[in-house]
Every structure is written in structure tokens, then in C-alpha cells.
file start.pdb (PDB, C-alpha atoms, pLDDT in the B column)
ATOM      1  CA  MET A   1      90.032 106.877 114.686  1.00 87.00           C
ATOM      2  CA  GLY A   2      90.568 107.174 118.436  1.00 94.00           C
ATOM      3  CA  ARG A   3      93.164 108.879 120.526  1.00 96.00           C
ATOM      4  CA  VAL A   4      94.560 108.061 123.956  1.00 97.00           C
ATOM      5  CA  VAL A   5      96.211 110.668 126.177  1.00 97.00           C
ATOM      6  CA  VAL A   6      99.125 109.641 128.393  1.00 97.00           C
ATOM      7  CA  ASP A   7     100.405 112.163 130.936  1.00 97.00           C
ATOM      8  CA  VAL A   8     103.804 111.713 132.564  1.00 98.00           C
ATOM      9  CA  MET A   9     105.112 113.924 135.401  1.00 98.00           C
ATOM     10  CA  PRO A  10     108.412 114.024 137.297  1.00 97.00           C
ATOM     11  CA  LYS A  11     108.047 112.312 140.689  1.00 97.00           C
ATOM     12  CA  PRO A  12     107.418 114.811 143.532  1.00 95.00           C
ATOM     13  CA  GLU A  13     110.823 114.102 145.118  1.00 95.00           C
ATOM     14  CA  ILE A  14     112.680 114.701 141.838  1.00 96.00           C
ATOM     15  CA  LEU A  15     114.062 118.175 141.075  1.00 96.00           C
ATOM     16  CA  ASP A  16     112.381 119.736 138.051  1.00 97.00           C
ATOM     17  CA  PRO A  17     114.616 122.515 136.699  1.00 96.00           C
ATOM     18  CA  GLN A  18     112.289 123.298 133.766  1.00 95.00           C
ATOM     19  CA  GLY A  19     109.322 123.756 136.078  1.00 97.00           C
ATOM     20  CA  LYS A  20     111.471 125.801 138.437  1.00 97.00           C
ATOM     21  CA  ALA A  21     112.504 128.120 135.596  1.00 97.00           C
ATOM     22  CA  VAL A  22     108.874 128.661 134.622  1.00 97.00           C
ATOM     23  CA  ALA A  23     107.906 129.250 138.276  1.00 97.00           C
ATOM     24  CA  ASN A  24     110.607 131.923 138.552  1.00 96.00           C
ATOM     25  CA  ALA A  25     109.543 133.616 135.317  1.00 96.00           C
ATOM     26  CA  LEU A  26     105.800 133.813 136.045  1.00 97.00           C
ATOM     27  CA  PRO A  27     105.878 136.478 138.825  1.00 96.00           C
ATOM     28  CA  ARG A  28     108.111 138.727 136.691  1.00 95.00           C
ATOM     29  CA  LEU A  29     105.489 138.521 133.943  1.00 95.00           C
ATOM     30  CA  GLY A  30     102.536 139.433 136.113  1.00 95.00           C
ATOM     31  CA  PHE A  31     101.434 135.975 137.254  1.00 96.00           C
ATOM     32  CA  GLY A  32     102.295 136.149 140.952  1.00 95.00           C
ATOM     33  CA  GLN A  33      99.480 133.862 142.068  1.00 95.00           C
ATOM     34  CA  PHE A  34     101.267 130.672 141.031  1.00 97.00           C
ATOM     35  CA  THR A  35     103.534 129.416 143.806  1.00 96.00           C
ATOM     36  CA  ALA A  36     105.038 126.357 142.132  1.00 97.00           C
ATOM     37  CA  VAL A  37     105.214 124.769 138.686  1.00 98.00           C
ATOM     38  CA  ARG A  38     106.014 121.229 137.583  1.00 98.00           C
ATOM     39  CA  GLN A  39     106.595 120.383 133.929  1.00 98.00           C
ATOM     40  CA  GLY A  40     105.891 116.975 132.477  1.00 98.00           C
ATOM     41  CA  LYS A  41     104.970 115.393 129.178  1.00 98.00           C
ATOM     42  CA  ARG A  42     101.729 114.733 127.366  1.00 98.00           C
ATOM     43  CA  PHE A  43     101.520 112.069 124.655  1.00 98.00           C
ATOM     44  CA  GLU A  44      98.655 111.536 122.237  1.00 98.00           C
ATOM     45  CA  LEU A  45      98.574 108.008 120.798  1.00 98.00           C
ATOM     46  CA  GLU A  46      96.416 107.415 117.735  1.00 97.00           C
ATOM     47  CA  VAL A  47      94.689 104.144 116.933  1.00 96.00           C
ATOM     48  CA  ASP A  48      92.632 102.973 113.974  1.00 94.00           C
ATOM     49  CA  GLY A  49      89.151 102.384 115.302  1.00 93.00           C
ATOM     50  CA  PRO A  50      87.679 103.185 118.689  1.00 94.00           C
ATOM     51  CA  VAL A  51      89.442 103.352 122.056  1.00 96.00           C
ATOM     52  CA  THR A  52      88.492  99.998 123.581  1.00 95.00           C
ATOM     53  CA  PRO A  53      89.467  98.791 127.079  1.00 96.00           C
ATOM     54  CA  GLU A  54      92.179  96.671 125.367  1.00 96.00           C
ATOM     55  CA  VAL A  55      93.612  99.781 123.698  1.00 96.00           C
ATOM     56  CA  LEU A  56      93.687 101.605 127.053  1.00 97.00           C
ATOM     57  CA  GLU A  57      95.407  98.606 128.616  1.00 97.00           C
ATOM     58  CA  ALA A  58      98.059  98.579 125.870  1.00 97.00           C
ATOM     59  CA  ALA A  59      98.497 102.337 126.269  1.00 97.00           C
ATOM     60  CA  ALA A  60      98.980 101.921 130.035  1.00 97.00           C
ATOM     61  CA  ALA A  61     101.648  99.259 129.376  1.00 97.00           C
ATOM     62  CA  ALA A  62     103.368 101.440 126.763  1.00 97.00           C
ATOM     63  CA  ALA A  63     103.224 104.368 129.204  1.00 97.00           C
ATOM     64  CA  GLU A  64     105.081 102.368 131.860  1.00 96.00           C
ATOM     65  CA  GLN A  65     107.562 100.655 129.520  1.00 95.00           C
ATOM     66  CA  VAL A  66     108.286 103.215 126.810  1.00 95.00           C
ATOM     67  CA  LEU A  67     106.853 106.663 127.494  1.00 97.00           C
ATOM     68  CA  SER A  68     108.108 107.141 131.051  1.00 97.00           C
ATOM     69  CA  ASN A  69     111.236 106.490 133.057  1.00 97.00           C
ATOM     70  CA  PRO A  70     109.878 104.835 136.219  1.00 96.00           C
ATOM     71  CA  VAL A  71     112.952 105.849 138.236  1.00 96.00           C
ATOM     72  CA  ILE A  72     112.146 109.547 137.970  1.00 97.00           C
ATOM     73  CA  GLU A  73     108.648 109.797 136.477  1.00 97.00           C
ATOM     74  CA  ASP A  74     105.062 108.821 137.266  1.00 97.00           C
ATOM     75  CA  VAL A  75     102.374 108.051 134.713  1.00 98.00           C
ATOM     76  CA  VAL A  76      99.589 110.251 136.075  1.00 96.00           C
ATOM     77  CA  ARG A  77      96.919 109.594 133.471  1.00 95.00           C
ATOM     78  CA  VAL A  78      95.947 107.220 130.671  1.00 97.00           C
ATOM     79  CA  ALA A  79      92.594 108.158 129.186  1.00 95.00           C
ATOM     80  CA  ASP A  80      90.448 108.309 126.078  1.00 95.00           C
ATOM     81  CA  ILE A  81      90.797 111.826 124.684  1.00 89.00           C
ATOM     82  CA  GLU A  82      86.979 112.152 124.748  1.00 82.00           C
ATOM     83  CA  ALA A  83      87.014 112.268 128.570  1.00 65.00           C
ATOM     84  CA  ASP A  84      89.610 114.990 128.189  1.00 60.00           C
ATOM     85  CA  ALA A  85      87.367 117.016 125.869  1.00 62.00           C
ATOM     86  CA  ALA A  86      84.671 117.310 128.539  1.00 57.00           C
ATOM     87  CA  ALA A  87      87.154 118.928 130.950  1.00 52.00           C
ATOM     88  CA  THR A  88      88.366 121.283 128.208  1.00 53.00           C
ATOM     89  CA  VAL A  89      84.874 122.530 127.482  1.00 50.00           C
ATOM     90  CA  ALA A  90      84.352 123.234 131.195  1.00 50.00           C
ATOM     91  CA  SER A  91      87.520 125.316 131.368  1.00 50.00           C
ATOM     92  CA  GLN A  92      86.995 127.123 128.048  1.00 50.00           C
ATOM     93  CA  GLY A  93      83.713 128.485 129.346  1.00 47.00           C
ATOM     94  CA  LEU A  94      85.859 130.472 131.779  1.00 40.00           C
ATOM     95  CA  ALA A  95      88.710 131.529 129.511  1.00 36.00           C
TER
ATOM     96  CA  MET B   1      96.054 124.445 147.900  1.00 87.00           C
ATOM     97  CA  GLY B   2      94.808 124.052 144.339  1.00 94.00           C
ATOM     98  CA  ARG B   3      96.425 122.971 141.125  1.00 96.00           C
ATOM     99  CA  VAL B   4      95.726 123.897 137.514  1.00 97.00           C
ATOM    100  CA  VAL B   5      96.761 121.694 134.599  1.00 97.00           C
ATOM    101  CA  VAL B   6      97.836 123.313 131.337  1.00 97.00           C
ATOM    102  CA  ASP B   7      98.390 121.058 128.317  1.00 97.00           C
ATOM    103  CA  VAL B   8     100.313 122.309 125.292  1.00 98.00           C
ATOM    104  CA  MET B   9     100.659 120.342 122.044  1.00 98.00           C
ATOM    105  CA  PRO B  10     102.530 121.025 118.780  1.00 97.00           C
ATOM    106  CA  LYS B  11     100.136 122.320 116.111  1.00 97.00           C
ATOM    107  CA  PRO B  12      98.931 119.564 113.746  1.00 95.00           C
ATOM    108  CA  GLU B  13     100.818 121.050 110.765  1.00 95.00           C
ATOM    109  CA  ILE B  14     104.100 121.226 112.715  1.00 96.00           C
ATOM    110  CA  LEU B  15     106.569 118.341 112.475  1.00 96.00           C
ATOM    111  CA  ASP B  16     107.042 116.583 115.817  1.00 97.00           C
ATOM    112  CA  PRO B  17     110.310 114.618 115.729  1.00 96.00           C
ATOM    113  CA  GLN B  18     110.011 113.439 119.346  1.00 95.00           C
ATOM    114  CA  GLY B  19     106.537 112.039 118.724  1.00 97.00           C
ATOM    115  CA  LYS B  20     107.772 110.493 115.469  1.00 97.00           C
ATOM    116  CA  ALA B  21     110.633 108.755 117.294  1.00 97.00           C
ATOM    117  CA  VAL B  22     108.211 107.309 119.847  1.00 97.00           C
ATOM    118  CA  ALA B  23     105.821 106.221 117.075  1.00 97.00           C
ATOM    119  CA  ASN B  24     108.682 104.385 115.348  1.00 96.00           C
ATOM    120  CA  ALA B  25     109.805 102.700 118.571  1.00 96.00           C
ATOM    121  CA  LEU B  26     106.392 101.426 119.715  1.00 97.00           C
ATOM    122  CA  PRO B  27     105.859  98.705 117.046  1.00 96.00           C
ATOM    123  CA  ARG B  28     109.346  97.304 117.689  1.00 96.00           C
ATOM    124  CA  LEU B  29     108.420  96.985 121.369  1.00 95.00           C
ATOM    125  CA  GLY B  30     105.165  95.138 120.805  1.00 95.00           C
ATOM    126  CA  PHE B  31     102.765  98.065 120.585  1.00 96.00           C
ATOM    127  CA  GLY B  32     101.779  97.865 116.934  1.00 95.00           C
ATOM    128  CA  GLN B  33      98.259  99.224 117.456  1.00 95.00           C
ATOM    129  CA  PHE B  34      99.376 102.838 117.740  1.00 97.00           C
ATOM    130  CA  THR B  35      99.588 104.448 114.320  1.00 96.00           C
ATOM    131  CA  ALA B  36     100.796 107.927 115.290  1.00 97.00           C
ATOM    132  CA  VAL B  37     102.153 109.746 118.324  1.00 98.00           C
ATOM    133  CA  ARG B  38     102.365 113.442 119.168  1.00 98.00           C
ATOM    134  CA  GLN B  39     104.370 114.651 122.144  1.00 98.00           C
ATOM    135  CA  GLY B  40     103.556 117.850 124.006  1.00 98.00           C
ATOM    136  CA  LYS B  41     103.928 119.349 127.446  1.00 98.00           C
ATOM    137  CA  ARG B  42     101.909 119.225 130.623  1.00 98.00           C
ATOM    138  CA  PHE B  43     102.282 121.910 133.295  1.00 98.00           C
ATOM    139  CA  GLU B  44     100.919 121.798 136.812  1.00 98.00           C
ATOM    140  CA  LEU B  45     100.575 125.269 138.367  1.00 98.00           C
ATOM    141  CA  GLU B  46     100.073 125.460 142.113  1.00 97.00           C
ATOM    142  CA  VAL B  47      98.116 128.207 143.883  1.00 96.00           C
ATOM    143  CA  ASP B  48      97.505 128.959 147.540  1.00 94.00           C
ATOM    144  CA  GLY B  49      93.812 128.486 148.090  1.00 93.00           C
ATOM    145  CA  PRO B  50      91.182 127.047 145.777  1.00 94.00           C
ATOM    146  CA  VAL B  51      91.076 127.132 141.974  1.00 96.00           C
ATOM    147  CA  THR B  52      88.631 129.968 141.333  1.00 95.00           C
ATOM    148  CA  PRO B  53      87.431 131.138 137.884  1.00 96.00           C
ATOM    149  CA  GLU B  54      89.927 134.041 138.266  1.00 96.00           C
ATOM    150  CA  VAL B  55      92.780 131.584 138.791  1.00 96.00           C
ATOM    151  CA  LEU B  56      91.742 129.616 135.692  1.00 97.00           C
ATOM    152  CA  GLU B  57      91.608 132.846 133.722  1.00 97.00           C
ATOM    153  CA  ALA B  58      95.124 133.802 134.860  1.00 97.00           C
ATOM    154  CA  ALA B  59      96.330 130.291 134.016  1.00 97.00           C
ATOM    155  CA  ALA B  60      94.811 130.557 130.525  1.00 97.00           C
ATOM    156  CA  ALA B  61      96.618 133.896 130.020  1.00 97.00           C
ATOM    157  CA  ALA B  62      99.908 132.448 131.332  1.00 97.00           C
ATOM    158  CA  ALA B  63      99.421 129.442 129.038  1.00 97.00           C
ATOM    159  CA  GLU B  64      99.146 131.678 125.976  1.00 96.00           C
ATOM    160  CA  GLN B  65     101.855 134.161 126.943  1.00 95.00           C
ATOM    161  CA  VAL B  66     104.469 132.100 128.788  1.00 95.00           C
ATOM    162  CA  LEU B  67     103.887 128.361 128.633  1.00 97.00           C
ATOM    163  CA  SER B  68     103.369 127.986 124.890  1.00 97.00           C
ATOM    164  CA  ASN B  69     104.843 129.336 121.685  1.00 97.00           C
ATOM    165  CA  PRO B  70     101.728 130.320 119.681  1.00 96.00           C
ATOM    166  CA  VAL B  71     103.594 130.043 116.382  1.00 96.00           C
ATOM    167  CA  ILE B  72     104.077 126.298 116.732  1.00 97.00           C
ATOM    168  CA  GLU B  73     101.954 125.188 119.702  1.00 97.00           C
ATOM    169  CA  ASP B  74      98.312 125.094 120.795  1.00 97.00           C
ATOM    170  CA  VAL B  75      97.072 125.282 124.366  1.00 98.00           C
ATOM    171  CA  VAL B  76      94.718 122.308 124.356  1.00 96.00           C
ATOM    172  CA  ARG B  77      93.557 122.393 127.958  1.00 95.00           C
ATOM    173  CA  VAL B  78      93.424 124.603 131.038  1.00 96.00           C
ATOM    174  CA  ALA B  79      91.611 122.873 133.884  1.00 95.00           C
ATOM    175  CA  ASP B  80      91.354 122.370 137.610  1.00 95.00           C
ATOM    176  CA  ILE B  81      93.285 119.200 138.414  1.00 89.00           C
ATOM    177  CA  GLU B  82      90.179 117.820 140.160  1.00 82.00           C
ATOM    178  CA  ALA B  83      88.412 117.455 136.800  1.00 65.00           C
ATOM    179  CA  ASP B  84      91.511 115.562 135.691  1.00 60.00           C
ATOM    180  CA  ALA B  85      91.322 113.192 138.648  1.00 61.00           C
ATOM    181  CA  ALA B  86      87.877 111.981 137.600  1.00 57.00           C
ATOM    182  CA  ALA B  87      89.229 110.930 134.194  1.00 52.00           C
ATOM    183  CA  THR B  88      92.211 109.202 135.821  1.00 53.00           C
ATOM    184  CA  VAL B  89      90.010 107.079 138.065  1.00 50.00           C
ATOM    185  CA  ALA B  90      87.998 106.011 135.025  1.00 50.00           C
ATOM    186  CA  SER B  91      91.120 104.854 133.206  1.00 50.00           C
ATOM    187  CA  GLN B  92      92.787 103.220 136.214  1.00 50.00           C
ATOM    188  CA  GLY B  93      89.830 100.904 136.542  1.00 46.00           C
ATOM    189  CA  LEU B  94      91.075  99.417 133.275  1.00 40.00           C
ATOM    190  CA  ALA B  95      94.816  99.436 133.835  1.00 36.00           C
TER
END

call {"tool": "encode", "arguments": {"input": "start.pdb", "output": "C-alpha cells"}}
result
Amino acid sequence: MGRVVVDVMPKPEILDPQGKAVANALPRLGFGQFTAVRQGKRFELEVDGPVTPEVLEAAAAAAEQVLSNPVIEDVVRVADIEADAAATVASQGLA
Amino acid sequence: MGRVVVDVMPKPEILDPQGKAVANALPRLGFGQFTAVRQGKRFELEVDGPVTPEVLEAAAAAAEQVLSNPVIEDVVRVADIEADAAATVASQGLA
């Protein structure tokens, strides 16, 4: 069983009220170092079997056609979740 | 200027109606290979200057305390966006 991650973010020129609200809350809560926040979506798509190049291609198509609104959003990542795990391990060493 | 990515997903035992709706829509739209979908959130936090271990630590704390609801959500990743970029390049070669 494989999993594909699709990340979708609001385009830079689009207002992001959710991100703005978080950005305003962070300094009040002791996190003054963060100067801006954008909030997007993360999807995890499950497939039977391994994540082949064909599966990634289908996920990229689904990301453009179903998971994002291309007028206001960009698909910023389509990847096998295994690649993701490597980055997580790197960051958890610091947490 | 650096950016930290924080990914938050609903816990596995928590119902995810948004993900369910997407999972039901995909086969109708020609993407029958995806058997399940979970939908979470992706935050991008901007800092002045580079992403140091201290920044990642603050981001991990903000992720637990502000960006997620620990009763129903897990923080699945806190990482420098550069690590993310490597994974994106890998997947774009296939898209």
C-alpha cells in the first residue's frame, strides 16, 4: 500500500485570511519570529500497491483537476510519502 | 528569508469528511486508482534570516500549541522548505 502527498497553496497574489489570522495570533502567543504565514491544504492519496511513476502522474492530474482550484491555488508538491518521511526524520532530530 | 513548512493531518482514528468527499469524487472523475483520501493542512511560516535549528524548534512548538488541535490532529512534519524543494523536483520530473 502506497501513499502520495499532494500539497496545494493559495497563489502568492491571493489574500489568505486564514494564514493572516494565524500570523496575527503567533506573536501574542510568544512566537514573534514568524513574520508571515500562508495556509494551504495537504492531501494523502492511498493506492493499492506501490507508488509507480504512473500513479504519480495520475496524482498530478487529479491535483490539477480535482484537488486544487487553478484560479486561486498552486499545486506545490506531488510526491511519494516516502520522500516526505526522510525530511520528517531530519526535522524530528531537532524537535 | 527562510520558510518552514508545518503539515497537520487528522488522526487516523478521526473521521475526515472532507477527505471522504474527495475519495468519493475521484473515481467518478476517472481516478479510480486512489482507494482512500485524507485531507489536512499545510502551513508555511516565514522568518527573517535563515532557518536555524532554533527556528525549527519554535516552529515545532507553534505547530503543537497553535497550528494543530492535539485532540484530533497530528503534526506530521516540521521542516525547512528547502528539504521540501528537493522532493518536489523529484516528482516534477514525472509530472

call {"tool": "interface_residues", "arguments": {"input": "start.pdb", "of": "chain B", "to": "chain A", "cutoff": "6 Å", "atoms": "all atoms listed in the file", "output": "number ranges by chain"}}
result
B: 34-47, 57, 77-79, 88, 91, 95

call {"tool": "calpha_fit_and_write", "arguments": {"input": "start.pdb", "fixed": "chain B", "moving": "chain A", "output": "short mmCIF file (atom, residue, chain, number, x, y, z; two decimals) with C-alpha atoms, in the coordinates of the input"}}
result
data_model
loop_
_atom_site.label_atom_id
_atom_site.label_comp_id
_atom_site.auth_asym_id
_atom_site.auth_seq_id
_atom_site.Cartn_x
_atom_site.Cartn_y
_atom_site.Cartn_z
CA MET A 1 96.09 124.45 147.89
CA GLY A 2 94.82 124.04 144.33
CA ARG A 3 96.45 122.97 141.13
CA VAL A 4 95.74 123.89 137.52
CA VAL A 5 96.77 121.69 134.60
CA VAL A 6 97.85 123.31 131.34
CA ASP A 7 98.39 121.06 128.32
CA VAL A 8 100.32 122.31 125.30
CA MET A 9 100.65 120.35 122.03
CA PRO A 10 102.52 121.02 118.78
CA LYS A 11 100.12 122.32 116.11
CA PRO A 12 98.92 119.54 113.75
CA GLU A 13 100.80 121.04 110.78
CA ILE A 14 104.08 121.22 112.71
CA LEU A 15 106.56 118.33 112.47
CA ASP A 16 107.04 116.59 115.81
CA PRO A 17 110.32 114.64 115.72
CA GLN A 18 110.01 113.47 119.34
CA GLY A 19 106.55 112.04 118.71
CA LYS A 20 107.78 110.50 115.47
CA ALA A 21 110.64 108.77 117.29
CA VAL A 22 108.23 107.32 119.85
CA ALA A 23 105.84 106.22 117.08
CA ASN A 24 108.69 104.39 115.35
CA ALA A 25 109.83 102.71 118.57
CA LEU A 26 106.42 101.43 119.71
CA PRO A 27 105.88 98.69 117.05
CA ARG A 28 109.39 97.31 117.69
CA LEU A 29 108.47 96.99 121.36
CA GLY A 30 105.22 95.14 120.82
CA PHE A 31 102.80 98.06 120.60
CA GLY A 32 101.79 97.87 116.94
CA GLN A 33 98.28 99.20 117.48
CA PHE A 34 99.38 102.83 117.75
CA THR A 35 99.59 104.45 114.33
CA ALA A 36 100.80 107.92 115.29
CA VAL A 37 102.16 109.74 118.33
CA ARG A 38 102.38 113.44 119.17
CA GLN A 39 104.38 114.68 122.14
CA GLY A 40 103.55 117.85 124.00
CA LYS A 41 103.93 119.36 127.43
CA ARG A 42 101.92 119.23 130.62
CA PHE A 43 102.31 121.92 133.28
CA GLU A 44 100.94 121.82 136.81
CA LEU A 45 100.58 125.28 138.36
CA GLU A 46 100.09 125.48 142.12
CA VAL A 47 98.14 128.19 143.88
CA ASP A 48 97.52 128.96 147.54
CA GLY A 49 93.82 128.47 148.09
CA PRO A 50 91.19 127.05 145.78
CA VAL A 51 91.09 127.13 141.98
CA THR A 52 88.64 129.97 141.34
CA PRO A 53 87.44 131.14 137.90
CA GLU A 54 89.93 134.05 138.25
CA VAL A 55 92.79 131.58 138.80
CA LEU A 56 91.74 129.61 135.70
CA GLU A 57 91.60 132.85 133.72
CA ALA A 58 95.12 133.80 134.85
CA ALA A 59 96.33 130.29 134.02
CA ALA A 60 94.81 130.55 130.53
CA ALA A 61 96.61 133.89 130.01
CA ALA A 62 99.90 132.46 131.32
CA ALA A 63 99.42 129.44 129.04
CA GLU A 64 99.13 131.67 125.97
CA GLN A 65 101.85 134.17 126.95
CA VAL A 66 104.46 132.11 128.79
CA LEU A 67 103.89 128.37 128.63
CA SER A 68 103.36 127.99 124.88
CA ASN A 69 104.82 129.33 121.67
CA PRO A 70 101.72 130.31 119.68
CA VAL A 71 103.59 130.04 116.37
CA ILE A 72 104.07 126.30 116.72
CA GLU A 73 101.94 125.20 119.69
CA ASP A 74 98.31 125.09 120.79
CA VAL A 75 97.08 125.27 124.37
CA VAL A 76 94.72 122.29 124.36
CA ARG A 77 93.56 122.38 127.96
CA VAL A 78 93.44 124.59 131.05
CA ALA A 79 91.62 122.87 133.89
CA ASP A 80 91.37 122.36 137.63
CA ILE A 81 93.30 119.19 138.42
CA GLU A 82 90.18 117.82 140.18
CA ALA A 83 88.41 117.44 136.81
CA ASP A 84 91.50 115.57 135.70
CA ALA A 85 91.31 113.18 138.66
CA ALA A 86 87.86 111.96 137.60
CA ALA A 87 89.22 110.92 134.19
CA THR A 88 92.20 109.20 135.83
CA VAL A 89 89.98 107.09 138.05
CA ALA A 90 87.96 106.00 135.01
CA SER A 91 91.09 104.87 133.19
CA GLN A 92 92.75 103.23 136.21
CA GLY A 93 89.77 100.93 136.56
CA LEU A 94 90.94 99.44 133.26
CA ALA A 95 94.69 99.38 133.79
#

call {"tool": "atom_distance", "arguments": {"input": "start.pdb", "atom1": "CA of Pro12 (chain A)", "atom2": "CA of Val75 (chain A)"}}
result
12.2 Å

call {"tool": "atom_distance", "arguments": {"input": "start.pdb", "atom1": "CA of Val71 (chain B)", "atom2": "CA of Pro10 (chain B)"}}
result
9.4 Å

call {"tool": "atom_distance", "arguments": {"input": "start.pdb", "atom1": "CA of Glu73 (chain B)", "atom2": "CA of Glu13 (chain B)"}}
result
9.9 Å

call {"tool": "build_atoms", "arguments": {"input": "start.pdb", "residues": "region 12-21 of chain B", "atoms": "all heavy atoms", "output": "short mmCIF file (atom, residue, chain, number, x, y, z; two decimals), keeping the file's coordinate frame"}}
result
data_model
loop_
_atom_site.label_atom_id
_atom_site.label_comp_id
_atom_site.auth_asym_id
_atom_site.auth_seq_id
_atom_site.Cartn_x
_atom_site.Cartn_y
_atom_site.Cartn_z
N PRO B 12 98.99 120.74 114.63
CA PRO B 12 98.93 119.56 113.75
C PRO B 12 99.84 119.67 112.52
O PRO B 12 100.39 118.67 112.06
CB PRO B 12 97.45 119.51 113.33
CG PRO B 12 96.71 120.25 114.39
CD PRO B 12 97.65 121.30 114.90
N GLU B 13 100.02 120.90 111.99
CA GLU B 13 100.82 121.05 110.76
C GLU B 13 102.32 121.13 111.06
O GLU B 13 103.13 121.18 110.13
CB GLU B 13 100.36 122.29 109.98
CG GLU B 13 100.60 123.62 110.68
CD GLU B 13 99.44 124.06 111.56
OE1 GLU B 13 98.68 123.19 112.04
OE2 GLU B 13 99.30 125.28 111.79
N ILE B 14 102.69 121.12 112.34
CA ILE B 14 104.10 121.23 112.72
C ILE B 14 104.70 119.83 112.87
O ILE B 14 104.09 118.95 113.51
CB ILE B 14 104.24 122.00 114.06
CG1 ILE B 14 103.73 123.43 113.91
CG2 ILE B 14 105.67 121.96 114.58
CD1 ILE B 14 104.61 124.33 113.10
N LEU B 15 105.87 119.60 112.30
CA LEU B 15 106.57 118.34 112.48
C LEU B 15 106.88 118.14 113.95
O LEU B 15 107.22 119.09 114.66
CB LEU B 15 107.88 118.34 111.69
CG LEU B 15 107.78 118.01 110.22
CD1 LEU B 15 109.17 118.09 109.58
CD2 LEU B 15 107.18 116.64 109.99
N ASP B 16 106.80 116.88 114.41
CA ASP B 16 107.04 116.58 115.82
C ASP B 16 108.02 115.41 115.89
O ASP B 16 107.62 114.25 115.99
CB ASP B 16 105.70 116.24 116.48
CG ASP B 16 105.86 115.71 117.88
OD1 ASP B 16 106.93 115.91 118.48
OD2 ASP B 16 104.90 115.07 118.36
N PRO B 17 109.32 115.71 115.80
CA PRO B 17 110.31 114.62 115.73
C PRO B 17 110.32 113.71 116.96
O PRO B 17 110.54 112.51 116.83
CB PRO B 17 111.65 115.35 115.56
CG PRO B 17 111.38 116.80 115.84
CD PRO B 17 109.93 117.04 115.71
N GLN B 18 110.04 114.28 118.14
CA GLN B 18 110.01 113.44 119.35
C GLN B 18 108.87 112.43 119.25
O GLN B 18 109.05 111.24 119.52
CB GLN B 18 109.80 114.31 120.59
CG GLN B 18 110.99 115.13 121.01
CD GLN B 18 110.69 115.93 122.28
OE1 GLN B 18 109.76 116.73 122.29
NE2 GLN B 18 111.44 115.69 123.32
N GLY B 19 107.69 112.93 118.86
CA GLY B 19 106.54 112.04 118.72
C GLY B 19 106.79 110.98 117.66
O GLY B 19 106.46 109.81 117.84
N LYS B 20 107.43 111.40 116.56
CA LYS B 20 107.77 110.49 115.47
C LYS B 20 108.70 109.37 115.96
O LYS B 20 108.53 108.20 115.62
CB LYS B 20 108.48 111.31 114.38
CG LYS B 20 108.47 110.66 113.02
CD LYS B 20 107.32 111.16 112.17
CE LYS B 20 107.16 110.28 110.94
NZ LYS B 20 105.82 110.33 110.39
N ALA B 21 109.69 109.74 116.76
CA ALA B 21 110.63 108.76 117.29
C ALA B 21 109.91 107.73 118.17
O ALA B 21 110.15 106.52 118.08
CB ALA B 21 111.73 109.46 118.10
#
